[in-house]
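Shown here: protein_17.tsv, TSV, C-alpha atoms.
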```tsv
chain	number	residue	atom	x	y	z
W	1	MET	CA	83.62	23.85	-18.91
W	2	ASN	CA	87.21	23.01	-18.14
W	3	LYS	CA	87.88	19.65	-19.81
W	4	ASN	CA	90.07	18.37	-17.01
W	5	LEU	CA	87.43	19.17	-14.45
W	6	GLN	CA	84.79	17.52	-16.60
W	7	ASP	CA	86.85	14.36	-17.01
W	8	SER	CA	87.72	14.27	-13.35
W	9	THR	CA	84.07	14.45	-12.36
W	10	ALA	CA	83.04	11.88	-14.90
W	11	ASN	CA	85.63	9.40	-13.69
W	12	THR	CA	84.90	9.77	-10.01
W	13	SER	CA	83.84	6.49	-8.49
W	14	ALA	CA	83.45	5.62	-4.86
W	15	ARG	CA	84.51	2.06	-5.54
W	16	ARG	CA	87.76	3.28	-7.09
W	17	ARG	CA	88.40	5.44	-4.04
W	18	LEU	CA	88.27	2.46	-1.71
W	19	VAL	CA	91.65	1.81	-0.19
W	20	ARG	CA	92.81	-1.73	-0.82
W	21	GLY	CA	93.16	-3.67	2.38
W	22	ALA	CA	90.87	-1.38	4.36
W	23	PHE	CA	87.10	-1.14	4.58
W	24	ALA	CA	85.53	1.04	7.25
W	25	ALA	CA	81.97	0.74	8.42
W	26	PRO	CA	79.65	2.41	5.90
W	27	ALA	CA	78.35	5.68	7.31
W	28	ALA	CA	75.54	8.03	6.34
W	29	LEU	CA	74.81	11.25	8.20
W	30	THR	CA	71.75	13.24	7.26
W	31	LEU	CA	72.29	16.91	6.53
W	32	TYR	CA	69.66	19.53	7.14
W	33	SER	CA	69.23	22.82	5.37
W	34	GLY	CA	71.40	25.57	6.75
W	35	SER	CA	68.53	27.88	7.57
W	36	ALA	CA	66.51	25.23	9.35
W	37	PHE	CA	69.50	23.96	11.26
W	38	ALA	CA	70.57	27.44	12.23
W	39	ALA	CA	67.09	28.20	13.44
W	40	THR	CA	66.97	25.19	15.70
W	41	SER	CA	69.85	22.97	16.64
W	42	LEU	CA	72.83	25.14	15.89
W	43	SER	CA	71.58	28.24	17.64
W	44	CYS	CA	70.42	26.09	20.49
W	45	VAL	CA	73.82	24.47	20.86
W	46	ALA	CA	75.50	27.86	20.56
W	47	LYS	CA	73.49	29.12	23.50
W	48	GLU	CA	74.28	26.02	25.50
W	49	VAL	CA	77.97	26.30	24.75
W	50	ASN	CA	77.91	29.74	26.30
W	51	HIS	CA	76.56	28.24	29.51
W	52	PRO	CA	77.40	24.56	29.25
W	53	THR	CA	76.39	21.95	31.75
W	54	TYR	CA	79.29	19.59	32.23
W	55	PRO	CA	77.99	16.12	32.93
W	56	GLY	CA	79.82	13.26	34.54
W	57	PRO	CA	83.54	12.94	35.00
W	58	VAL	CA	84.78	15.31	32.33
W	59	THR	CA	88.44	16.17	32.66
W	60	ASN	CA	89.31	19.84	32.49
W	61	PRO	CA	86.35	21.12	30.45
W	62	LEU	CA	86.84	24.54	28.97
W	63	PRO	CA	84.22	27.14	28.14
W	64	SER	CA	85.54	27.13	24.59
W	65	ASP	CA	84.67	23.47	24.13
W	66	THR	CA	81.86	22.57	21.75
W	67	TYR	CA	79.42	19.71	21.70
W	68	LEU	CA	77.94	17.72	18.82
W	69	ARG	CA	75.93	14.54	18.88
W	70	VAL	CA	76.36	10.99	17.58
W	71	PRO	CA	73.77	8.20	17.63
W	72	LEU	CA	73.78	5.38	20.13
W	73	TYR	CA	73.55	1.79	18.97
W	74	SER	CA	72.10	-0.98	21.08
W	75	LEU	CA	72.16	-4.74	20.89
W	76	ALA	CA	68.43	-5.25	20.44
W	77	GLY	CA	66.89	-8.35	21.92
W	78	GLN	CA	68.78	-8.25	25.16
W	79	THR	CA	66.81	-7.66	28.35
W	80	ALA	CA	68.99	-4.71	29.23
W	81	PRO	CA	70.91	-4.01	26.02
W	82	SER	CA	74.36	-2.57	26.08
W	83	THR	CA	74.73	0.66	24.14
W	84	TRP	CA	77.58	1.59	21.85
W	85	ILE	CA	79.13	4.47	19.98
W	86	ARG	CA	80.46	3.80	16.49
W	87	GLY	CA	83.94	5.07	15.73
W	88	SER	CA	83.10	5.72	12.10
W	89	ASP	CA	80.38	8.20	13.15
W	90	ILE	CA	82.91	10.19	15.16
W	91	ASN	CA	85.56	10.03	12.45
W	92	LEU	CA	83.07	11.19	9.85
W	93	LEU	CA	82.41	14.27	11.97
W	94	ALA	CA	86.11	14.78	12.52
W	95	ARG	CA	86.75	14.83	8.78
W	96	GLN	CA	84.36	17.75	8.50
W	97	ILE	CA	86.38	19.85	10.93
W	98	PRO	CA	89.24	21.37	8.92
W	99	GLY	CA	92.64	20.89	10.48
W	100	THR	CA	91.41	18.69	13.29
W	101	ASN	CA	93.59	16.05	14.84
W	102	PRO	CA	92.52	12.42	14.61
W	103	PRO	CA	89.90	11.70	17.28
W	104	TYR	CA	90.41	9.34	20.17
W	105	ILE	CA	88.73	6.48	18.33
W	106	THR	CA	89.36	4.93	14.91
W	107	ASN	CA	86.89	4.07	12.16
W	108	THR	CA	86.63	0.41	13.04
W	109	GLN	CA	86.54	0.73	16.81
W	110	TRP	CA	83.42	0.85	18.99
W	111	GLN	CA	83.12	2.44	22.41
W	112	CYS	CA	80.86	1.00	25.07
W	113	PHE	CA	78.51	3.62	26.49
W	114	SER	CA	76.52	1.43	28.88
W	115	ALA	CA	77.25	-2.15	29.85
W	116	GLY	CA	73.78	-3.71	29.79
W	117	SER	CA	73.22	-7.08	31.40
W	118	SER	CA	74.83	-9.46	28.94
W	119	ASN	CA	78.22	-10.24	27.58
W	120	VAL	CA	78.86	-9.56	23.91
W	121	LYS	CA	81.18	-10.86	21.24
W	122	ILE	CA	83.82	-8.71	19.63
W	123	ASN	CA	85.87	-10.31	16.86
W	124	THR	CA	84.78	-13.77	18.08
W	125	VAL	CA	85.93	-13.01	21.62
W	126	THR	CA	83.38	-12.90	24.44
W	127	VAL	CA	83.77	-9.78	26.56
W	128	THR	CA	81.94	-8.09	29.42
W	129	PRO	CA	81.37	-4.54	28.16
W	130	LEU	CA	82.84	-1.77	30.27
W	131	PRO	CA	81.44	1.74	29.82
W	132	GLY	CA	83.95	4.10	28.30
W	133	THR	CA	86.17	1.33	26.97
W	134	VAL	CA	87.08	1.41	23.30
W	135	TYR	CA	87.00	-2.00	21.63
W	136	ALA	CA	88.77	-3.06	18.44
W	137	GLY	CA	85.70	-4.22	16.56
W	138	GLN	CA	81.95	-4.28	16.23
W	139	PRO	CA	80.09	-5.85	19.14
W	140	SER	CA	77.47	-8.49	18.43
W	141	ARG	CA	75.05	-10.65	20.37
W	142	ILE	CA	76.49	-13.92	21.57
W	143	ARG	CA	73.34	-15.90	20.86
W	144	ASN	CA	72.86	-15.08	17.19
W	145	GLY	CA	75.65	-12.71	16.19
W	146	ALA	CA	73.22	-9.85	15.57
W	147	PRO	CA	74.97	-6.47	15.15
W	148	PRO	CA	74.02	-3.32	17.09
W	149	GLN	CA	71.03	-1.39	15.83
W	150	LYS	CA	70.75	2.38	15.75
W	151	SER	CA	68.58	3.61	18.60
W	152	ASP	CA	66.64	6.86	18.91
W	153	SER	CA	69.04	8.15	21.57
W	154	TYR	CA	72.13	10.25	21.17
W	155	VAL	CA	75.20	11.16	23.13
W	156	ALA	CA	77.08	14.41	23.05
W	157	ILE	CA	80.70	14.36	21.98
W	158	ARG	CA	83.05	17.02	23.24
W	159	ILE	CA	85.34	18.96	20.93
W	160	ASP	CA	88.09	20.90	22.61
W	161	ASN	CA	89.20	24.38	21.64
W	162	ASN	CA	91.78	22.87	19.26
W	163	GLY	CA	89.02	21.26	17.24
W	164	LYS	CA	89.84	17.75	18.39
W	165	ILE	CA	87.08	15.33	19.39
W	166	VAL	CA	88.19	14.27	22.84
W	167	GLY	CA	85.38	12.15	24.16
W	168	VAL	CA	81.75	11.45	24.91
W	169	VAL	CA	79.80	13.26	27.57
W	170	GLY	CA	76.32	12.90	28.87
W	171	VAL	CA	73.35	10.82	27.88
W	172	GLY	CA	71.52	12.20	24.89
W	173	VAL	CA	67.98	11.28	25.88
W	174	PRO	CA	65.61	14.10	26.72
W	175	ASN	CA	65.07	14.56	30.44
W	176	ALA	CA	68.50	13.26	31.26
W	177	SER	CA	69.78	15.50	33.99
W	178	THR	CA	73.33	14.68	33.04
W	179	SER	CA	73.01	15.77	29.43
W	180	ALA	CA	75.40	18.34	28.06
W	181	VAL	CA	72.48	20.25	26.62
W	182	HIS	CA	69.01	20.87	27.95
W	183	GLN	CA	65.90	18.91	27.11
W	184	SER	CA	64.50	21.59	24.80
W	185	CYS	CA	67.74	21.57	22.87
W	186	TRP	CA	67.71	17.81	22.43
W	187	THR	CA	64.12	18.07	21.24
W	188	SER	CA	65.19	20.44	18.50
W	189	PHE	CA	67.70	17.85	17.31
W	190	LYS	CA	64.97	15.36	16.53
W	191	PRO	CA	64.11	14.88	12.86
W	192	VAL	CA	60.90	16.56	11.78
M	1	MET	CA	68.43	-13.48	2.06
M	2	ARG	CA	67.05	-9.94	2.01
M	3	CYS	CA	67.48	-8.04	-1.22
M	4	PHE	CA	68.03	-4.30	-1.56
M	5	ALA	CA	67.67	-1.83	-4.42
M	6	ARG	CA	68.89	1.70	-4.90
M	7	VAL	CA	66.04	4.20	-4.58
M	8	GLU	CA	65.16	5.65	-7.96
M	9	GLY	CA	66.20	9.22	-8.59
M	10	ILE	CA	68.82	9.64	-5.90
M	11	LEU	CA	71.72	11.96	-6.71
M	12	VAL	CA	75.22	11.18	-5.47
M	13	GLU	CA	78.05	13.66	-5.91
M	14	PRO	CA	81.58	13.79	-4.51
M	15	VAL	CA	82.19	16.46	-1.89
M	16	GLY	CA	85.84	16.50	-0.92
M	17	HIS	CA	86.65	13.20	0.76
M	18	LEU	CA	82.98	12.42	1.24
M	19	TRP	CA	79.85	12.07	-0.86
M	20	ALA	CA	76.60	14.00	-0.78
M	21	ALA	CA	73.55	11.92	-1.58
M	22	PHE	CA	70.13	13.47	-2.11
M	23	SER	CA	67.09	11.28	-1.76
M	24	PRO	CA	63.84	12.37	-3.40
M	25	ALA	CA	62.11	9.91	-1.08
M	26	THR	CA	63.00	11.89	2.03
M	27	GLY	CA	63.87	15.26	0.53
M	28	GLU	CA	67.05	15.19	2.55
M	29	THR	CA	70.73	15.02	1.76
M	30	ALA	CA	73.04	12.61	3.50
M	31	LEU	CA	76.81	12.74	3.82
M	32	LEU	CA	78.39	9.39	2.96
M	33	ASN	CA	81.82	7.91	3.26
M	34	ASP	CA	83.42	5.97	0.39
M	35	GLU	CA	82.11	2.69	1.74
M	36	SER	CA	78.45	3.76	1.75
M	37	ALA	CA	78.78	5.39	-1.66
M	38	SER	CA	80.36	2.19	-2.99
M	39	ILE	CA	77.35	0.18	-1.86
M	40	LEU	CA	75.10	2.56	-3.78
M	41	GLU	CA	77.29	2.15	-6.86
M	42	VAL	CA	77.00	-1.60	-6.63
M	43	LEU	CA	73.22	-1.36	-6.35
M	44	GLU	CA	73.18	0.92	-9.39
M	45	ILE	CA	74.04	-2.15	-11.47
M	46	GLU	CA	71.12	-4.17	-10.15
M	47	PRO	CA	69.40	-5.00	-6.85
M	48	ALA	CA	71.47	-7.31	-4.72
M	49	ASP	CA	71.65	-9.06	-1.39
M	50	THR	CA	74.39	-8.57	1.15
M	51	THR	CA	76.47	-11.45	-0.14
M	52	ALA	CA	76.46	-10.19	-3.72
M	53	VAL	CA	77.39	-6.67	-2.61
M	54	CYS	CA	80.26	-8.06	-0.56
M	55	VAL	CA	81.61	-10.05	-3.50
M	56	LEU	CA	81.81	-6.96	-5.68
M	57	LEU	CA	83.25	-4.76	-2.96
M	58	SER	CA	85.78	-7.47	-2.23
M	59	SER	CA	87.24	-7.01	-5.69
M	60	ASP	CA	87.61	-3.29	-5.00
M	61	SER	CA	88.96	-3.47	-1.47
M	62	GLY	CA	90.93	-6.69	-1.60
M	63	ILE	CA	89.19	-7.88	1.54
M	64	ALA	CA	87.44	-11.24	1.65
M	65	PRO	CA	83.65	-11.07	1.23
M	66	ASP	CA	82.96	-12.81	4.53
M	67	GLU	CA	84.99	-10.16	6.35
M	68	LEU	CA	82.87	-7.44	4.76
M	69	PHE	CA	79.55	-9.13	5.49
M	70	ALA	CA	78.90	-7.77	8.99
M	71	LEU	CA	79.82	-4.22	7.96
M	72	VAL	CA	77.65	-4.22	4.85
M	73	ASP	CA	74.78	-6.02	6.57
M	74	GLY	CA	74.88	-3.47	9.38
M	75	SER	CA	74.62	-0.56	6.95
M	76	TRP	CA	71.21	-1.35	5.45
M	77	GLN	CA	69.27	0.24	8.28
M	78	GLN	CA	70.89	3.65	8.03
M	79	LEU	CA	70.93	3.66	4.23
M	80	THR	CA	67.23	2.78	4.26
M	81	GLU	CA	66.47	5.47	6.83
M	82	ALA	CA	68.33	7.95	4.67
M	83	GLY	CA	66.04	7.07	1.76
M	84	LEU	CA	68.90	5.83	-0.38
M	85	VAL	CA	68.07	2.14	-0.58
M	86	ARG	CA	64.90	0.14	-0.14
M	87	GLU	CA	64.35	-3.46	0.72
M	88	LEU	CA	62.62	-5.42	-2.00
M	89	PRO	CA	59.63	-7.53	-0.99
M	90	VAL	CA	61.28	-10.58	-2.48
M	91	THR	CA	64.26	-12.69	-1.56
M	92	LEU	CA	67.03	-13.73	-3.89
M	93	ASN	CA	67.88	-17.36	-4.27
M	94	ASN	CA	71.63	-17.68	-4.12
M	95	PRO	CA	72.86	-20.27	-6.56
M	96	GLN	CA	75.10	-22.49	-4.49
```
Hey, can you dump this file as structure tokens for me?
Amino acid sequence: MNKNLQDSTANTSARRRLVRGAFAAPAALTLYSGSAFAATSLSCVAKEVNHPTYPGPVTNPLPSDTYLRVPLYSLAGQTAPSTWIRGSDINLLARQIPGTNPPYITNTQWQCFSAGSSNVKINTVTVTPLPGTVYAGQPSRIRNGAPPQKSDSYVAIRIDNNGKIVGVVGVGVPNASTSAVHQSCWTSFKPV
Amino acid sequence: MRCFARVEGILVEPVGHLWAAFSPATGETALLNDESASILEVLEIEPADTTAVCVLLSSDSGIAPDELFALVDGSWQQLTEAGLVRELPVTLNNPQ
């Protein structure tokens, strides 16, 4: 084995790769085997991309646009919890698209997907969440400071034909008539 | 304070700017950023609670532990779901 390669591998440490003065939200995205994914989600999305349903107020969608999903987070405990999209999830996807431009949201930002019925705190400031708005920090419950929890719902993010993630479209719950992909397709996304 | 341990037998390898982590508990591989992989490295030393993890990561990132707390505390759910960490059925007593 090449000695330099061996040494490089042996010395690799995630902690050493941390950039001083910056710490993004830890992220973990589960990968599925290529064959299984191709047989279900990917082929399903490919078919949908050929005949996409454009939900909501999407500006200038193009047939060449592609959709992927990211999880929704909700502030559990609220009567009607607000739901959120984590910037680090979108940036992690963006880093897997070679040559892509930075997405519309940064690692530390959160975007409100639905407002819910309660105000939230962001960086110690109380705010009334507005759907679509990108906020500069993680939302939390006012009462006890609890952070958002990952829900079992997803939203589709739109990637334009330049490979740039340009926004969120549709509600990722099955049966949602506004979803970017059909119910059967969302079902195939679910973990086995 | 809840205490977490790294799941035995997981494999973590660098893949470009990210990390691939295989969990024998789930049979799945997860893609991690440096922050998640760093948490696993800290837990490789010994099980720890959120505060202890933040103290060690603070020395790496130069950011105060209390500023890291919410981020690290919010990561346990997804790392647990990915089969990479597990919550121990005991709590640590922080010497204050």
Give me, as JSON, numbers by chain, the residues of chain M touching chain W, with the criterion being at most 8 Å (counting all atoms listed in the file).
{"M": [14, 28, 29, 30, 31, 32, 33, 34, 35, 36, 37, 38, 41, 57, 60, 61, 62, 63, 68, 70, 71, 72, 74, 75, 77, 78, 79, 82]}
Using all atoms listed in the file, find the one residue out of W:Leu93, W:Ile122, W:Arg69, W:Gln109 that sits nearest to W:Arg141.
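The shortest atom-to-atom distance to W:Arg141 comes from W:Ile122.
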Å distance separating atom CA of M:Val85 from atom CA of M:Ala5, one decimal place:
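Result for atom CA of M:Val85 versus atom CA of M:Ala5: 5.5 Å, one decimal.
In this structure, atom CA of M:Ala52 sits 15.9 Å away from atom CA of M:Arg86.
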State, in Å with one decimal place, the distance from atom CA of W:Ser151 to atom CA of M:Leu11.
26.8 Å
Pick out the closest residue to W:Leu68 from this set: W:Pro131, W:Ile90, W:Ser82, W:Cys112. Count only C-alpha atoms.
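Looking only at the distances to W:Leu68, the closest residue turns out to be W:Ile90.
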